[in-house]
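Raw my_file.txt, compact mmCIF, C-alpha atoms:
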# COMPACT_ATOMS: atom_id res chain seq x y z
CA MET K 1 86.22 128.00 235.79
CA THR K 2 83.37 128.00 233.26
CA TRP K 3 81.55 125.08 234.83
CA LEU K 4 81.43 127.07 238.03
CA TYR K 5 79.91 130.04 236.22
CA ASP K 6 77.29 127.75 234.72
CA PHE K 7 76.26 126.75 238.18
CA PHE K 8 76.73 129.97 240.11
CA ASN K 9 77.57 133.19 238.36
CA PHE K 10 79.68 135.29 240.73
CA ARG K 11 79.92 138.22 238.35
CA ILE K 12 76.19 138.90 238.42
CA VAL K 13 76.16 138.62 242.20
CA GLY K 14 79.01 141.13 242.25
CA ASN K 15 76.84 143.59 240.33
CA TYR K 16 74.20 143.30 243.00
CA ALA K 17 76.56 143.54 245.98
CA ASN K 18 75.31 147.04 246.77
CA VAL K 19 71.69 145.96 246.74
CA PHE K 20 72.41 143.10 249.12
CA LEU K 21 74.46 145.37 251.37
CA ASP K 22 71.51 147.78 251.55
CA GLY K 23 69.29 144.80 252.27
CA ILE K 24 71.50 143.62 255.12
CA ILE K 25 71.56 147.12 256.60
CA ALA K 26 67.78 147.41 256.32
CA THR K 27 67.21 143.98 257.88
CA VAL K 28 69.60 144.62 260.75
CA SER K 29 68.18 148.07 261.49
CA ILE K 30 64.54 146.88 261.38
CA THR K 31 65.51 143.99 263.66
CA SER K 32 67.29 146.22 266.17
CA VAL K 33 64.48 148.79 266.33
CA CYS K 34 61.92 146.01 266.84
CA LEU K 35 64.14 144.33 269.42
CA VAL K 36 64.45 147.47 271.54
CA LEU K 37 60.73 148.26 271.28
CA SER K 38 59.58 144.72 271.98
CA LEU K 39 61.90 144.36 274.99
CA PHE K 40 60.62 147.67 276.38
CA PHE K 41 56.95 146.76 275.91
CA GLY K 42 57.68 143.14 276.81
CA VAL K 43 58.70 144.15 280.34
CA PHE K 44 55.39 145.99 280.76
CA LEU K 45 53.39 143.14 279.28
CA ALA K 46 55.16 140.67 281.58
CA LEU K 47 54.32 142.83 284.60
CA MET K 48 50.73 143.12 283.40
CA ARG K 49 50.53 139.35 283.01
CA ASN K 50 51.81 138.94 286.56
CA SER K 51 49.42 141.54 287.95
CA SER K 52 46.91 140.53 290.62
CA ASN K 53 44.17 142.65 289.01
CA GLY K 54 41.94 140.22 287.08
CA LEU K 55 41.10 142.64 284.28
CA VAL K 56 44.76 143.53 283.69
CA TRP K 57 46.22 140.04 283.60
CA ARG K 58 43.32 138.59 281.64
CA SER K 59 43.61 141.19 278.88
CA ALA K 60 47.38 140.63 278.75
CA ALA K 61 46.81 136.87 278.52
CA VAL K 62 44.25 137.25 275.71
CA TYR K 63 46.68 139.40 273.74
CA ILE K 64 49.54 136.92 274.27
CA GLN K 65 47.46 133.89 273.32
CA PHE K 66 46.00 135.57 270.24
CA ILE K 67 49.42 136.53 268.92
CA ARG K 68 50.91 133.13 269.71
CA SER K 69 48.22 131.18 267.90
CA THR K 70 47.90 133.15 264.67
CA PRO K 71 50.54 133.35 261.91
CA LEU K 72 52.73 136.42 261.62
CA LEU K 73 51.72 136.83 257.97
CA ILE K 74 48.06 137.30 258.93
CA GLN K 75 49.06 139.76 261.66
CA ILE K 76 51.14 141.73 259.16
CA TYR K 77 48.18 141.84 256.76
CA LEU K 78 45.80 142.89 259.53
CA ILE K 79 48.07 145.77 260.57
CA TYR K 80 49.02 146.73 257.02
CA TYR K 81 45.39 146.97 255.87
CA GLY K 82 43.80 147.80 259.20
CA LEU K 83 46.04 150.53 260.60
CA PRO K 84 45.47 153.03 257.75
CA SER K 85 41.69 152.70 258.10
CA LEU K 86 41.98 153.43 261.82
CA ILE K 87 44.40 156.37 261.87
CA GLY K 88 44.86 157.28 258.21
CA ASN K 89 48.12 157.10 256.30
CA PHE K 90 50.16 158.37 259.19
CA PHE K 91 52.97 155.81 258.96
CA ASP K 92 54.90 154.78 255.87
CA GLU K 93 55.42 151.14 254.93
CA THR K 94 58.59 150.54 256.92
CA GLN K 95 57.09 152.07 260.05
CA THR K 96 53.95 149.96 259.64
CA ALA K 97 56.17 146.92 259.27
CA ILE K 98 58.06 147.80 262.45
CA ILE K 99 54.77 148.26 264.32
CA ALA K 100 53.51 144.88 263.09
CA LEU K 101 56.71 143.06 264.01
CA THR K 102 56.84 144.74 267.43
CA ILE K 103 53.23 143.75 268.12
CA HIS K 104 54.15 140.20 267.11
CA THR K 105 57.39 139.90 269.09
CA THR K 106 56.35 141.64 272.33
CA PRO K 107 54.30 138.69 273.71
CA TYR K 108 57.15 136.25 273.12
CA MET K 109 59.60 138.56 274.87
CA ALA K 110 57.07 139.11 277.66
CA GLU K 111 56.67 135.38 278.26
CA ILE K 112 60.44 134.92 278.43
CA ILE K 113 60.91 137.90 280.76
CA ARG K 114 58.03 136.65 282.92
CA THR K 115 59.78 133.30 283.39
CA GLY K 116 62.87 135.24 284.43
CA ILE K 117 60.97 137.42 286.90
CA MET K 118 59.25 134.40 288.44
CA SER K 119 62.56 132.58 288.84
CA VAL K 120 64.02 135.36 291.00
CA SER K 121 63.44 134.27 294.57
CA HIS K 122 60.81 136.13 296.55
CA SER K 123 63.26 136.95 299.34
CA GLN K 124 64.96 139.35 296.91
CA THR K 125 61.77 141.44 296.80
CA GLU K 126 61.41 141.26 300.57
CA GLY K 127 65.02 142.27 301.05
CA ALA K 128 64.68 145.24 298.72
CA MET K 129 61.45 146.35 300.43
CA ALA K 130 63.11 145.99 303.81
CA VAL K 131 65.85 148.48 302.90
CA GLY K 132 63.14 150.97 301.96
CA MET K 133 62.97 150.64 298.18
CA SER K 134 59.71 151.48 296.47
CA LYS K 135 57.96 148.87 294.29
CA PHE K 136 59.34 150.53 291.15
CA GLN K 137 62.88 150.65 292.54
CA THR K 138 62.70 147.00 293.56
CA MET K 139 61.70 146.02 290.05
CA ARG K 140 64.15 148.32 288.32
CA TYR K 141 67.28 147.74 290.43
CA VAL K 142 66.85 144.31 292.00
CA ILE K 143 64.45 142.01 290.17
CA LEU K 144 64.78 142.92 286.49
CA PRO K 145 68.60 142.84 286.25
CA GLN K 146 68.65 139.33 287.73
CA ALA K 147 65.67 138.20 285.67
CA ILE K 148 67.13 139.42 282.36
CA ALA K 149 70.52 137.87 283.11
CA LYS K 150 68.84 134.52 283.73
CA VAL K 151 66.89 134.45 280.48
CA ILE K 152 69.48 136.06 278.24
CA SER K 153 69.90 133.02 276.01
CA PRO K 154 66.18 132.50 275.22
CA LEU K 155 65.98 136.26 274.57
CA LEU K 156 68.83 135.98 272.07
CA GLY K 157 67.10 132.97 270.51
CA GLN K 158 63.94 135.02 270.11
CA THR K 159 66.04 137.77 268.51
CA VAL K 160 67.18 135.29 265.87
CA VAL K 161 63.52 134.41 265.24
CA LEU K 162 62.78 138.12 264.92
CA LEU K 163 65.61 138.47 262.42
CA LYS K 164 64.17 135.65 260.35
CA ASP K 165 60.66 137.04 260.64
CA THR K 166 61.70 140.28 258.94
CA SER K 167 61.89 138.28 255.69
CA LEU K 168 58.07 138.18 255.61
CA LEU K 169 58.04 141.96 255.26
CA SER K 170 59.09 141.54 251.63
CA ILE K 171 55.52 140.37 250.98
CA ILE K 172 54.18 143.83 251.84
CA ALA K 173 56.89 145.45 249.69
CA VAL K 174 59.22 146.67 252.45
CA PHE K 175 62.81 146.63 251.23
CA GLU K 176 65.07 144.33 253.27
CA LEU K 177 67.36 141.38 252.57
CA MET K 178 64.65 139.13 251.13
CA GLY K 179 63.44 142.12 249.12
CA ALA K 180 66.97 142.52 247.74
CA GLY K 181 66.92 138.89 246.61
CA LEU K 182 63.50 139.30 245.02
CA GLN K 183 64.64 142.48 243.26
CA MET K 184 67.67 140.68 241.82
CA PHE K 185 65.45 137.80 240.73
CA SER K 186 62.93 140.05 239.02
CA GLU K 187 65.66 141.94 237.15
CA THR K 188 67.90 139.03 236.12
CA VAL K 189 65.48 136.05 236.27
CA ILE K 190 68.15 133.74 237.66
CA ALA K 191 66.76 131.98 240.70
CA THR K 192 69.91 130.18 241.91
CA GLU K 193 72.16 133.21 242.33
CA SER K 194 69.44 135.44 243.78
CA TYR K 195 68.11 133.11 246.43
CA VAL K 196 71.37 131.37 247.35
CA THR K 197 72.96 134.78 247.93
CA THR K 198 69.99 135.82 250.06
CA ALA K 199 70.29 132.67 252.14
CA ALA K 200 74.05 133.18 252.49
CA CYS K 201 73.52 136.75 253.74
CA TYR K 202 71.00 135.57 256.35
CA LEU K 203 73.41 132.85 257.45
CA MET K 204 76.16 135.44 257.78
CA ILE K 205 74.03 137.64 260.07
CA TYR K 206 73.03 134.51 262.00
CA LEU K 207 76.64 133.45 262.53
CA VAL K 208 77.57 136.94 263.74
CA MET K 209 74.68 136.74 266.20
CA LEU K 210 75.83 133.30 267.37
CA VAL K 211 79.26 134.70 268.17
CA ILE K 212 77.76 137.74 269.92
CA SER K 213 75.41 135.57 271.97
CA GLY K 214 78.33 133.33 272.97
CA VAL K 215 80.23 136.37 274.26
CA VAL K 216 77.18 137.80 276.05
CA GLU K 217 76.38 134.47 277.69
CA ARG K 218 79.96 134.10 278.90
CA LYS K 219 79.94 137.64 280.31
CA LEU K 220 76.60 137.38 282.06
CA GLY K 221 76.96 133.67 282.66
CA GLY K 222 79.01 132.24 285.50
CA ALA K 223 76.63 131.12 288.22
CA ASN K 224 73.59 132.15 286.22
CA ALA K 225 74.44 130.04 283.22
CA ALA K 226 73.94 126.91 285.28
CA ILE K 227 70.32 127.84 285.94
CA ASN K 228 69.44 127.75 282.28
CA MET N 1 21.76 144.89 263.32
CA GLU N 2 21.96 145.34 259.58
CA TRP N 3 25.72 145.30 259.84
CA LEU N 4 25.57 141.98 261.67
CA ILE N 5 23.30 140.43 259.05
CA GLU N 6 25.57 141.63 256.26
CA LYS N 7 28.66 140.19 257.92
CA TRP N 8 26.87 136.96 258.70
CA GLN N 9 26.02 136.61 255.02
CA ILE N 10 29.70 136.98 254.18
CA VAL N 11 30.56 134.30 256.74
CA VAL N 12 27.95 131.94 255.29
CA MET N 13 29.10 132.60 251.75
CA LEU N 14 32.82 132.20 252.46
CA SER N 15 32.77 129.43 255.02
CA PRO N 16 32.94 126.45 252.58
CA PHE N 17 35.77 128.21 250.81
CA LEU N 18 37.75 129.00 253.95
CA LEU N 19 37.08 125.61 255.52
CA ASP N 20 38.52 124.06 252.40
CA GLY N 21 41.64 126.13 253.03
CA LEU N 22 41.72 125.05 256.66
CA LYS N 23 41.52 121.43 255.55
CA SER N 24 44.44 121.95 253.18
CA THR N 25 46.46 123.71 255.91
CA PHE N 26 45.65 120.82 258.24
CA GLU N 27 46.78 118.22 255.70
CA VAL N 28 50.03 119.92 254.79
CA SER N 29 50.93 120.60 258.40
CA ILE N 30 50.15 117.05 259.58
CA VAL N 31 52.18 115.44 256.78
CA ALA N 32 55.08 117.83 257.42
CA ILE N 33 54.90 117.26 261.18
CA ILE N 34 55.01 113.47 260.75
CA CYS N 35 57.83 113.47 258.18
CA GLY N 36 59.76 116.18 260.00
CA SER N 37 59.48 114.44 263.36
CA LEU N 38 60.67 111.14 261.94
CA LEU N 39 63.63 112.74 260.18
CA GLY N 40 64.39 114.92 263.18
CA GLY N 41 64.10 111.97 265.55
CA ILE N 42 66.55 109.88 263.55
CA LEU N 43 69.02 112.75 263.23
CA GLY N 44 68.58 113.56 266.92
CA ILE N 45 69.48 110.00 267.91
CA LEU N 46 72.43 110.01 265.52
CA LYS N 47 73.63 113.24 267.09
CA THR N 48 73.96 111.58 270.51
CA LEU N 49 76.24 108.83 269.19
CA ASP N 50 79.97 109.11 269.81
CA SER N 51 80.94 110.32 266.38
CA LYS N 52 82.46 113.71 265.96
CA VAL N 53 81.92 113.82 262.17
CA LEU N 54 78.26 112.92 262.53
CA ARG N 55 77.70 115.48 265.26
CA THR N 56 79.42 118.28 263.38
CA SER N 57 77.55 117.61 260.15
CA ILE N 58 74.19 117.48 261.95
CA ASP N 59 75.11 120.71 263.73
CA CYS N 60 75.82 122.33 260.35
CA TYR N 61 72.45 121.13 259.07
CA LEU N 62 70.81 122.59 262.16
CA HIS N 63 72.48 125.97 261.80
CA VAL N 64 71.70 126.23 258.08
CA PHE N 65 68.00 125.57 258.65
CA ARG N 66 67.70 127.70 261.77
CA GLY N 67 69.80 130.57 260.47
CA THR N 68 67.74 131.20 257.35
CA PRO N 69 64.10 132.30 257.25
CA TYR N 70 61.54 129.72 256.20
CA LEU N 71 60.53 131.95 253.29
CA VAL N 72 64.08 131.76 251.88
CA GLN N 73 64.16 127.97 252.29
CA LEU N 74 60.85 127.73 250.49
CA TYR N 75 62.13 129.85 247.60
CA LEU N 76 65.31 127.76 247.43
CA ILE N 77 63.37 124.50 247.28
CA TYR N 78 60.67 125.74 244.92
CA PHE N 79 62.74 127.86 242.51
CA VAL N 80 66.37 126.81 242.81
CA LEU N 81 66.23 123.01 243.06
CA PRO N 82 64.33 122.56 239.75
CA SER N 83 67.01 124.59 237.96
CA LEU N 84 69.64 121.99 238.91
CA GLY N 85 68.12 119.73 236.26
CA ILE N 86 67.69 116.62 238.40
CA ALA N 87 64.38 114.95 237.58
CA TRP N 88 63.25 113.97 241.06
CA LEU N 89 63.98 117.44 242.44
CA GLN N 90 61.37 119.05 240.14
CA PHE N 91 58.80 119.68 242.82
CA ASP N 92 55.32 121.03 242.23
CA SER N 93 54.08 123.49 244.83
CA TYR N 94 52.51 120.82 247.04
CA MET N 95 55.65 118.68 247.14
CA ALA N 96 57.87 121.73 247.63
CA ALA N 97 55.67 122.80 250.54
CA ILE N 98 55.85 119.41 252.22
CA VAL N 99 59.58 118.91 251.67
CA SER N 100 60.54 122.38 252.89
CA LEU N 101 58.21 122.24 255.91
CA SER N 102 59.48 118.77 256.87
CA LEU N 103 63.09 119.90 256.71
CA TYR N 104 62.21 123.00 258.71
CA THR N 105 60.37 120.93 261.33
CA SER N 106 63.21 118.43 261.57
CA SER N 107 65.71 121.19 262.37
CA TYR N 108 63.74 121.97 265.54
CA VAL N 109 63.03 118.34 266.40
CA VAL N 110 66.73 117.35 266.22
CA ALA N 111 67.63 119.77 268.99
CA ILE N 112 64.70 118.67 271.17
CA VAL N 113 65.35 114.94 270.79
CA SER N 114 69.09 115.12 271.29
CA SER N 115 68.85 117.33 274.38
CA ALA N 116 66.16 115.04 275.83
CA ILE N 117 68.42 112.02 275.35
CA PHE N 118 71.33 113.89 276.94
CA SER N 119 69.16 114.81 279.92
CA VAL N 120 68.52 111.15 280.80
CA PRO N 121 71.07 110.38 283.52
CA LYS N 122 74.15 108.53 282.30
CA GLY N 123 73.68 105.88 285.00
CA GLN N 124 70.56 104.58 283.24
CA GLU N 125 72.51 103.59 280.17
CA GLU N 126 75.39 102.21 282.19
CA ALA N 127 73.03 100.08 284.28
CA ALA N 128 71.32 98.75 281.15
CA ARG N 129 74.68 97.92 279.59
CA SER N 130 75.86 96.14 282.71
CA CYS N 131 72.71 93.95 282.64
CA GLY N 132 74.03 92.65 279.35
CA MET N 133 71.93 94.78 276.99
CA SER N 134 73.52 95.79 273.72
CA LYS N 135 73.97 99.48 272.95
CA ALA N 136 70.90 99.47 270.70
CA GLN N 137 68.81 97.66 273.31
CA ALA N 138 69.87 100.11 275.99
CA LEU N 139 68.92 103.00 273.72
CA PHE N 140 65.52 101.67 272.64
CA HIS N 141 64.36 99.99 275.85
CA VAL N 142 65.82 102.24 278.53
CA VAL N 143 66.96 105.67 277.34
CA LEU N 144 64.44 106.53 274.60
CA PRO N 145 61.25 105.76 276.58
CA GLN N 146 62.44 108.14 279.29
CA ALA N 147 63.61 110.77 276.83
CA LEU N 148 60.45 110.73 274.69
CA LYS N 149 58.31 111.84 277.61
CA LEU N 150 60.49 114.93 278.01
CA THR N 151 60.10 115.84 274.35
CA ILE N 152 56.31 116.14 274.42
CA PRO N 153 55.88 119.75 275.62
CA PRO N 154 58.58 121.33 273.40
CA MET N 155 57.39 119.26 270.42
CA ALA N 156 53.88 120.65 270.82
CA SER N 157 55.25 124.22 270.73
CA VAL N 158 57.26 123.38 267.61
CA TYR N 159 54.13 122.01 265.97
CA VAL N 160 52.41 125.34 266.59
CA ILE N 161 55.35 127.08 264.89
CA VAL N 162 55.05 124.70 261.93
CA ILE N 163 51.28 125.20 261.63
CA LYS N 164 51.80 128.95 261.64
CA SER N 165 54.55 128.66 259.03
CA THR N 166 52.09 127.11 256.59
CA ALA N 167 50.69 130.62 256.08
CA VAL N 168 53.87 131.44 254.17
CA LEU N 169 53.00 128.73 251.63
CA SER N 170 50.48 131.14 250.10
CA VAL N 171 53.38 132.80 248.25
CA ILE N 172 53.94 129.69 246.11
CA GLY N 173 50.25 129.44 245.35
CA LEU N 174 49.26 126.49 247.49
CA SER N 175 45.52 126.90 248.21
CA GLU N 176 45.77 126.81 251.99
CA LEU N 177 43.94 129.01 254.47
CA THR N 178 45.80 132.28 253.87
CA ARG N 179 45.65 131.84 250.10
CA GLN N 180 41.91 131.12 250.25
CA GLY N 181 41.49 134.28 252.32
CA GLU N 182 43.41 136.32 249.74
CA THR N 183 41.30 134.87 246.93
CA SER N 184 38.11 135.76 248.81
CA ILE N 185 39.40 139.30 249.21
CA LEU N 186 39.79 139.57 245.46
CA ARG N 187 36.11 138.69 245.23
CA MET N 188 35.04 141.10 247.98
CA PRO N 189 37.62 143.89 248.28
CA GLY N 190 35.38 145.89 250.61
CA ASP N 191 35.72 143.44 253.47
CA THR N 192 39.49 142.96 253.60
CA MET N 193 39.78 143.38 257.34
CA PHE N 194 36.80 141.22 258.14
CA ILE N 195 38.06 138.34 255.98
CA TYR N 196 41.55 138.50 257.49
CA CYS N 197 39.95 138.43 260.95
CA LEU N 198 37.99 135.32 259.91
CA VAL N 199 41.20 133.68 258.68
CA ALA N 200 42.97 134.61 261.92
CA ALA N 201 40.08 133.12 263.90
CA LEU N 202 40.36 129.84 261.98
CA TYR N 203 44.12 129.67 262.64
CA PHE N 204 43.38 130.39 266.29
CA VAL N 205 40.91 127.49 266.42
CA TYR N 206 43.59 125.17 265.06
CA CYS N 207 46.61 126.40 267.05
CA TYR N 208 45.16 127.28 270.43
CA PRO N 209 44.31 123.68 271.49
CA VAL N 210 47.85 122.59 270.58
CA LEU N 211 49.29 125.45 272.64
CA ARG N 212 47.03 124.52 275.59
CA PHE N 213 48.15 120.92 275.24
CA ALA N 214 51.80 122.03 275.32
CA ARG N 215 51.15 123.96 278.52
CA TRP N 216 49.21 121.09 280.08
CA ALA N 217 51.90 118.55 279.17
CA GLU N 218 54.58 120.83 280.58
CA LEU N 219 52.81 121.13 283.92
CA ARG N 220 52.02 117.40 284.07
CA ILE N 221 55.45 116.16 283.15
CA GLY N 222 56.97 118.77 285.47
CA THR N 223 55.00 117.42 288.46
CA ASN N 224 55.74 113.80 287.61
CA ASN N 225 59.44 114.40 287.91
CA HIS N 226 59.42 115.94 291.36
Could you render the structure from this file as structure tokens?
Amino acid sequence: MTWLYDFFNFRIVGNYANVFLDGIIATVSITSVCLVLSLFFGVFLALMRNSSNGLVWRSAAVYIQFIRSTPLLIQIYLIYYGLPSLIGNFFDETQTAIIALTIHTTPYMAEIIRTGIMSVSHSQTEGAMAVGMSKFQTMRYVILPQAIAKVISPLLGQTVVLLKDTSLLSIIAVFELMGAGLQMFSETVIATESYVTTAACYLMIYLVMLVISGVVERKLGGANAAIN
Amino acid sequence: MEWLIEKWQIVVMLSPFLLDGLKSTFEVSIVAIICGSLLGGILGILKTLDSKVLRTSIDCYLHVFRGTPYLVQLYLIYFVLPSLGIAWLQFDSYMAAIVSLSLYTSSYVVAIVSSAIFSVPKGQEEAARSCGMSKAQALFHVVLPQALKLTIPPMASVYVIVIKSTAVLSVIGLSELTRQGETSILRMPGDTMFIYCLVAALYFVYCYPVLRFARWAELRIGTNNH
């Protein structure tokens, strides 16, 4: 067994199991909060982008294009250094990180949701209007459920990207899975165990998400799955 | 007015420095895009062959590179590989950057290429084979030319992702755009926000045309098919 310990020392990793567990919990909770927020705002941004008012859709488009063509790291820095000078130290680091990630993910979600909304046939809107639904009701009860079901797999793919993006938060000293790996590395100075364990934890979360997305797609799938 | 002049002086003073960084970002991303696309293209073609072992192993490769963040891959390649003690795996930061980015790019390209090949109707290959073409001839003269056209729009979006990922390389000390921005901030701590905005603007100048091209290609190839 000694050759194995030379290469990968399980005992040290065992000592840090708690740290990595905390890291996984932090990563998953940051991801879920950002997912909920970015889906919520994403629907609004998608509707804004589809609006017929020039000012509204143009400003939405500028926001989307800006976010899509600058790196997340720069956006994190801009929010991390810029937000305190705008509103003071109102949010702590984790909250700032969540705000930055939400601002980054919302346009991607919005673009996906917009594709979904546009793929729902127009007669659905007409039908809903004809039975006396208001514009809001049409969106809420007829269009959005169909749209979301159609784009569920790209949405899940974007969620995986979001999960991976949380690793960049370690650069602004937010504790999550990558931060756990860096902490282990700075305390033990063994690169192999620290970073391989980090990668393995990310893979584990990824595999769980793959299984979940398979189940969700099968449940929502059927006729809709063929469209994707 | 005074504010404008002051900021303009900063722009003039920093521009050679930041443009240097942009050049470095450009170089690294182009090399990684070329290497990654070649590797991804080869693996993508291999994935469409009738070999279960090949397909499963390429799928594993795909999942490993897509399931872990690029930052982790970079740390693995920069810190862990040298500790294995194999001479040609001792990368300096530039090599580590290129190798990790190429592998990362290839993991996206594999999926694009293989799904493009699968989307070419089966009849095309069968017709080519029945004209007496060999399997390789059918692939290179009939299937690939049709598939490659389909890959253009998604490839352009992947290239934007790769270009944006180069920002992460600042953590291993490569002097690309983000790193140059950070160094300038050390020189002028008062203008943190302004310098980051400048850096963001430079990334925008590089990425936005590629994004527009992706959109244009998507519309064009979409209309050609119908």
| field | Among listed residues K:Leu55, K:Ile152, K:Leu73, K:Ile172, nearest chain N (using all atoms listed in the file) | value |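 Using all atoms listed in the file, the shortest distance to chain N belongs to K:Leu73.
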| Nearest to chain N among K:Phe91, K:Phe20, K:Tyr80, K:Phe136, with distances taken over all atoms listed in the file: which residue is it? |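 Answer, going by the shortest atom-to-atom distance: K:Tyr80.
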Distance table requested - chain N against chain K, cut-off 10 Å, only C-alpha atoms: one row per qualifying residue with the closest atom pair and its distance in Å to one decimal, ordered by chain and rising residue number, as a tab-separated table.
residue	atom	partner	partner_atom	distance
N:His63	CA	K:Leu203	CA	8.2
N:Val64	CA	K:Leu203	CA	6.9
N:Phe65	CA	K:Leu203	CA	9.1
N:Arg66	CA	K:Val161	CA	8.6
N:Gly67	CA	K:Leu203	CA	5.2
N:Thr68	CA	K:Tyr202	CA	5.5
N:Pro69	CA	K:Lys164	CA	4.6
N:Tyr70	CA	K:Lys164	CA	7.7
N:Leu71	CA	K:Ser167	CA	6.9
N:Val72	CA	K:Ala199	CA	6.3
N:Gln73	CA	K:Ala199	CA	7.7
N:Leu74	CA	K:Tyr195	CA	9.9
N:Tyr75	CA	K:Tyr195	CA	6.9
N:Leu76	CA	K:Tyr195	CA	6.1
N:Ile77	CA	K:Tyr195	CA	9.9
N:Tyr78	CA	K:Ala191	CA	9.7
N:Phe79	CA	K:Ala191	CA	6.0
N:Val80	CA	K:Thr192	CA	5.0
N:Leu81	CA	K:Thr192	CA	8.1
N:Pro82	CA	K:Thr192	CA	9.7
N:Ser83	CA	K:Thr192	CA	7.4
N:Leu84	CA	K:Phe7	CA	8.2
N:Ser157	CA	K:Arg68	CA	10.0
N:Val160	CA	K:Ser69	CA	7.3
N:Ile161	CA	K:Pro71	CA	8.4
N:Val162	CA	K:Pro71	CA	9.8
N:Ile163	CA	K:Pro71	CA	8.2
N:Lys164	CA	K:Pro71	CA	4.6
N:Ser165	CA	K:Pro71	CA	6.8
N:Thr166	CA	K:Pro71	CA	8.3
N:Ala167	CA	K:Pro71	CA	6.4
N:Val168	CA	K:Leu73	CA	6.9
N:Ser170	CA	K:Leu73	CA	9.8
N:Val171	CA	K:Ile171	CA	8.3
N:Thr178	CA	K:Ile74	CA	7.5
N:Gly181	CA	K:Ile74	CA	9.8
N:Thr192	CA	K:Tyr81	CA	7.5
N:Met193	CA	K:Gly82	CA	6.3
N:Phe194	CA	K:Leu78	CA	9.3
N:Ile195	CA	K:Leu78	CA	9.7
N:Tyr196	CA	K:Leu78	CA	6.4
N:Cys197	CA	K:Leu78	CA	7.5
N:Val199	CA	K:Ile74	CA	7.8
N:Ala200	CA	K:Thr70	CA	5.8
N:Ala201	CA	K:Thr70	CA	7.9
N:Leu202	CA	K:Thr70	CA	8.7
N:Tyr203	CA	K:Thr70	CA	5.5
N:Phe204	CA	K:Ser69	CA	5.2
N:Val205	CA	K:Ser69	CA	8.3
N:Tyr206	CA	K:Ser69	CA	8.1
N:Cys207	CA	K:Ser69	CA	5.1
N:Tyr208	CA	K:Ser69	CA	5.6
N:Pro209	CA	K:Ser69	CA	9.2
N:Val210	CA	K:Ser69	CA	9.0
N:Leu211	CA	K:Ser69	CA	7.5
N:Arg212	CA	K:Gln65	CA	9.7
Print the selection's residues with C-alpha atoms to a file, as a short mmCIF file (atom, residue, chain, number, x, y, z; two decimals), keeping the file's coordinate frame.
data_model
loop_
_atom_site.label_atom_id
_atom_site.label_comp_id
_atom_site.auth_asym_id
_atom_site.auth_seq_id
_atom_site.Cartn_x
_atom_site.Cartn_y
_atom_site.Cartn_z
CA HIS N 63 72.48 125.97 261.80
CA VAL N 64 71.70 126.23 258.08
CA PHE N 65 68.00 125.57 258.65
CA ARG N 66 67.70 127.70 261.77
CA GLY N 67 69.80 130.57 260.47
CA THR N 68 67.74 131.20 257.35
CA PRO N 69 64.10 132.30 257.25
CA TYR N 70 61.54 129.72 256.20
CA LEU N 71 60.53 131.95 253.29
CA VAL N 72 64.08 131.76 251.88
CA GLN N 73 64.16 127.97 252.29
CA LEU N 74 60.85 127.73 250.49
CA TYR N 75 62.13 129.85 247.60
CA LEU N 76 65.31 127.76 247.43
CA ILE N 77 63.37 124.50 247.28
CA TYR N 78 60.67 125.74 244.92
CA PHE N 79 62.74 127.86 242.51
CA VAL N 80 66.37 126.81 242.81
CA LEU N 81 66.23 123.01 243.06
CA PRO N 82 64.33 122.56 239.75
CA SER N 83 67.01 124.59 237.96
CA LEU N 84 69.64 121.99 238.91
CA SER N 157 55.25 124.22 270.73
CA VAL N 160 52.41 125.34 266.59
CA ILE N 161 55.35 127.08 264.89
CA VAL N 162 55.05 124.70 261.93
CA ILE N 163 51.28 125.20 261.63
CA LYS N 164 51.80 128.95 261.64
CA SER N 165 54.55 128.66 259.03
CA THR N 166 52.09 127.11 256.59
CA ALA N 167 50.69 130.62 256.08
CA VAL N 168 53.87 131.44 254.17
CA SER N 170 50.48 131.14 250.10
CA VAL N 171 53.38 132.80 248.25
CA THR N 178 45.80 132.28 253.87
CA GLY N 181 41.49 134.28 252.32
CA THR N 192 39.49 142.96 253.60
CA MET N 193 39.78 143.38 257.34
CA PHE N 194 36.80 141.22 258.14
CA ILE N 195 38.06 138.34 255.98
CA TYR N 196 41.55 138.50 257.49
CA CYS N 197 39.95 138.43 260.95
CA VAL N 199 41.20 133.68 258.68
CA ALA N 200 42.97 134.61 261.92
CA ALA N 201 40.08 133.12 263.90
CA LEU N 202 40.36 129.84 261.98
CA TYR N 203 44.12 129.67 262.64
CA PHE N 204 43.38 130.39 266.29
CA VAL N 205 40.91 127.49 266.42
CA TYR N 206 43.59 125.17 265.06
CA CYS N 207 46.61 126.40 267.05
CA TYR N 208 45.16 127.28 270.43
CA PRO N 209 44.31 123.68 271.49
CA VAL N 210 47.85 122.59 270.58
CA LEU N 211 49.29 125.45 272.64
CA ARG N 212 47.03 124.52 275.59
#
| In Å to one decimal, how far is CA of Asp92 in chain K from CA of Gly23 in chain K? |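 Between these atoms lies a distance of 17.9 Å.
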| What gap, in Å, lies between CA of Asn50 in chain K and CA of Ile64 in chain K? |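 Going from CA of Asn50 in chain K over to CA of Ile64 in chain K, I get 12.7 Å.
Distances here use all atoms listed in the file; by that measure, the residue among N:Leu103, N:Leu62, N:Ile86, N:Leu14 closest to Leu38 in chain N is N:Leu103.
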| request: Find the spatial neighbours of Ser175 in chain N, counting all atoms listed in the file, within a cut-off of 12 Å - ignore same-chain residues fewer than 6 positions away - and output them as a list in words. | output: Phe17, Leu18, Leu19, Asp20, Gly21, Leu22, Lys23, Ser24, Thr25, Phe26, Glu27, Val28, Ser93, Tyr94, Ala97, Thr166, Ala167, Val168, Leu169, Gly181, Glu182, Thr183 and Ser184 of chain N
